[in-house]
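Here the structure comes first, spelled out in structure tokens, and everything after it is commentary.
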Amino acid sequence: MRKEFSLAIKKIAIARPEVLFLTGDLGFMALEDVRKALGKRFINAGVSEQNMVTMAAGLASQGHTVICYSIAPFAVFRPAEQIRLDVCLHNMDVKIVGNGGGYGYGIMGATHHAIEDIAVLSSYQNMRCYIPFCNEDVEAGVAAAMKRKGPAYLRLGYGVKPASFQMPAYEVAGLIASGDKLTIACMGPVALNAFKALEVLKQKDIADLFVIREVPLPELPEKFLDSVKKTKKLLVIEEHVARGGLGEHLSLFLMKKGIGCTMIHRHALGYPGGLYGSQSYHQKVCGLDSEALAITIKELA
Amino acid sequence: MAKIRELAGIKKKCLAKILGMYKKANAGHIGASLSCLDILIYLFFHKIKSADKFILSKGHAALGLYVVLGESGRMDKAALDTFYKDGTFLAAHPPCNGVIKDIPFGTGSLGHGLSLAVGIAFSTRFSKAKFKVYCVLSDGDCNEGSTWEAALFAAQHKLDNLVVIIDKNNLQGFGKTRDVVNLDPMGKKWEAFNFDVATALDGNDFAAIDKAFNELAVKRSRRPKCIIANTIKGSGVSYMANKMEWHYLPMSDEQYKKALKENGLQDA
């Protein structure tokens with residue numbers, strides 16, 4: 001999604017002179033065009049994420065909208081306190097952009113993964129997390145994050161939309177497949193694995209498949225609530241640990257609404273056995289690959 | 001702007017207020033406020049122009065700042081009566097809600113202030129606004145890696161509108177700085193980070209602070225500035241001076257009376 005992000009942010013930043021772009025010394029083969037287009041408004045802050053984020057808050061206090069870019073683990077965890085205090089508590093217009101959310105950086109290993117990022121950031125005051133589910137979804141996600149004044153986190157990943165489905169319009173819960181027996185809620189590109197699972201099963205009409213694009217959940221559309229009421233079975237899929245992820249956010253949301261259902265949760269498990277591999281490998285280990293999801297869906301439907 | 005010779009009278013007023021408020025609140029951090037009180041008075045009564053910005057990185061000296069802002073007419077003095085009480089915006093550390101114009105950011109976790117100041121100073125590259133940003137750091141602030149990240153950035157981008165003042169009292173949270181992580185030679189460190197550096201030999205003396213500022217002014221370089229102010233924690237109160245515990249302790253009735261008496265003050 002880096003390419004799509006670069007194109008989208010370049011367009012917005014050109015139109016909005018108050019936008020500044022900071023990077024923590026990353027962006028090779030991705031941000032060159034942004035740098036060229038923004039000139040002095042593109043600043044390489046060096047490998048110093050803590051200073052980058054707090055400085056962004058300082059710049060935002062003077063009227064700027066500031067983007068802080070790095071790979072997801074470095075963008076979130078190193079400056080976690082800076083995001084909490086200087087950006088979120090002060091409600092500054094700073095957008096944290098993390099590339100490679102989840103196991104996105106695969107064989108680079110655990111230091112380069114971000115599987116607890118939503119848990120941390122969604123608990124911060126004023127913060128809203130935006131999670132596009134495929135490359136084609138990035139432009140709308142970037143637009144939403146940039147439109148809302150205040151702290152935002154954009155979790156980028158890798159995901160090519162299959163030709164076989166139409167992009168749903170941007171909303172918090174977008175419907176990408178419809179069915180009767182099961183409701184599926186996914187966060188991020190792992191939704192594409194669920195979609196593929198439905199295709200493999202050749203039973204697309206067994207499940208309503210939703211992509212959830214924003215956390216904490218502001219409000220969910222009636223069609224999602226009606227689906228859960230109808231199927232009474234909710235499969236939540238996310239490349240994020242169970243604690244603080246979409247599953248917990250949805251549980252609370254539905255319980256507050258008094259909507260009962262059985263929840264089945266497929267999520268990141270960390271590093272069972274201490275082994276590393278590609279993103280696909282980690283997804284397989286966690287039962288997040290399309291084959292495992294097809295089995296899960298078949299059992300539930 | 002007050003003249004240097006007028007600052008002593010202002011200090012007396014501020015000191016009485018500070019001691020009285022700490023006593024009333026039964027609160028600690030007295031030593032920290034007294035350490036940088038002269039710097040704060042110098043800045044807000046003599047140096048800072050209306051467009052300039054200020055960040056107190058050592059947020060634990062908040063009461064010193066509140067009182068100086070109140071006495072200089074930059075903050076509603078009546079609000080000072082709410083200090084430390086439930087429902088106040090004047091907590092032990094500066095508020096994060098922007099209610100006080102001259103406190104643009106809440107601080108209290110060390111190592112944030114300089115990055116905030118750098119961000120604000122850097123914004124003038126885009127706005128072309130003319131202002132200086134003053135930032136007061138403690139020894140503890142200089143333990144934090146993020147402070148040095150900010151220093152590197154400030155020098156890289158030649159932020160000559162940034163003025164850092166180190167309130168160097170040689171004490172930190174749980175020991176003497178030289179026994180915990182020695183920061184000396186402090187001035188040489190900032191010089192090595194490409195700052196213009198001047199030292200106030202006595203950072204609790206207005207004339208010495210002024211001399212250091214004047215030294216920097218004549219350099220006319222494009223570098224960010226740093227003043228090493230050699231201060232005394234708990235300055236002005238004999239039993240607090242250079243004592244780490246006065247970071248934490250509140251005053252007993254006797255101690256409060258003694259502090260007032262030593263400074264020729266009445267209970268405010």
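Residue names in the structure tokens use chain letters A, B, ... in the order shown, residue numbers from 1 in each chain, and ligand numbers from 1 in the order shown.
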
Output the contact residues of chain B with respect to chain A at a cut-off of 8 Å, based on only C-alpha atoms, as a short mmCIF file (atom, residue, chain, number, x, y, z; two decimals) with C-alpha atoms, in the first residue's frame.
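Everything below was put into out_9.cif:
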```cif
data_model
loop_
_atom_site.label_atom_id
_atom_site.label_comp_id
_atom_site.auth_asym_id
_atom_site.auth_seq_id
_atom_site.Cartn_x
_atom_site.Cartn_y
_atom_site.Cartn_z
CA CYS B 96 -2.34 19.46 28.77
CA ASN B 97 -5.51 21.30 27.86
CA GLY B 98 -4.16 24.59 26.55
CA PRO B 104 1.17 25.48 25.09
CA PHE B 105 1.99 21.94 26.22
CA GLY B 106 1.67 20.01 29.42
CA HIS B 112 9.70 15.87 25.87
CA SER B 115 11.36 18.27 21.05
CA LEU B 116 8.24 20.39 21.60
CA ALA B 117 10.35 23.54 21.55
CA VAL B 118 12.18 22.37 18.44
CA GLY B 119 8.88 21.70 16.65
CA ILE B 120 7.56 25.14 17.53
CA PHE B 122 10.97 24.88 13.29
CA SER B 123 7.44 26.04 12.37
CA SER B 146 14.99 12.08 23.22
CA THR B 147 16.54 15.35 24.46
CA GLU B 149 17.61 13.54 19.42
CA ALA B 150 16.00 16.97 19.56
CA PHE B 153 17.71 18.04 14.84
#
```

TODO: Go through segment 1-135 of chain A and collect every residue that DSSP, computed from the backbone, puts in helix (DSSP H, G or I); the answer should be as number ranges by chain.
DONE: A: 2-15, 32-41, 49-61, 72-76, 80-89, 106-108, 110-112, 117-122, 135

- [ ] Name all residues at most 7 Å from Pro73 of chain A (count only C-alpha atoms; drop same-chain ones fewer than 4 positions away) and give them as a list in words.
- [x] Phe77, His112, His113 and Ala114 of chain A

Write a file of the selected residues as a CSV table (one decimal), in the first residue's frame, keeping all heavy atoms.
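The new file part.csv reads:
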```
chain,number,residue,atom,x,y,z
A,77,PHE,N,5.6,2.0,18.6
A,77,PHE,CA,6.0,1.6,19.9
A,77,PHE,C,7.2,2.4,20.5
A,77,PHE,O,7.2,2.7,21.7
A,77,PHE,CB,6.4,0.1,19.9
A,77,PHE,CG,5.2,-0.8,19.5
A,77,PHE,CD1,5.2,-1.5,18.3
A,77,PHE,CD2,4.1,-0.8,20.3
A,77,PHE,CE1,4.2,-2.3,18.0
A,77,PHE,CE2,3.0,-1.6,19.9
A,77,PHE,CZ,3.0,-2.3,18.8
A,112,HIS,N,10.3,-6.2,13.5
A,112,HIS,CA,9.7,-5.4,12.4
A,112,HIS,C,8.2,-5.6,12.3
A,112,HIS,O,7.5,-5.2,11.4
A,112,HIS,CB,10.4,-5.8,11.1
A,112,HIS,CG,11.7,-5.1,11.0
A,112,HIS,ND1,12.7,-5.2,12.0
A,112,HIS,CD2,12.2,-4.3,10.0
A,112,HIS,CE1,13.7,-4.5,11.6
A,112,HIS,NE2,13.5,-3.9,10.4
A,113,HIS,N,7.6,-6.4,13.2
A,113,HIS,CA,6.1,-6.7,13.1
A,113,HIS,C,5.4,-5.7,14.1
A,113,HIS,O,6.0,-5.2,15.0
A,113,HIS,CB,5.8,-8.1,13.6
A,113,HIS,CG,6.5,-9.1,12.7
A,113,HIS,ND1,6.7,-10.4,13.0
A,113,HIS,CD2,6.9,-9.0,11.4
A,113,HIS,CE1,7.3,-11.1,12.0
A,113,HIS,NE2,7.4,-10.3,11.0
A,114,ALA,N,4.1,-5.5,13.8
A,114,ALA,CA,3.3,-4.7,14.7
A,114,ALA,C,2.0,-5.4,14.9
A,114,ALA,O,1.1,-5.3,14.1
A,114,ALA,CB,3.1,-3.3,14.1
```

Task: Using only C-alpha atoms: which of B:Ser35, B:Thr199, B:Thr177, B:Gln255 has the shortest distance to Lys58 of chain B - done: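 Of all the options, B:Ser35 lies closest to Lys58 of chain B.
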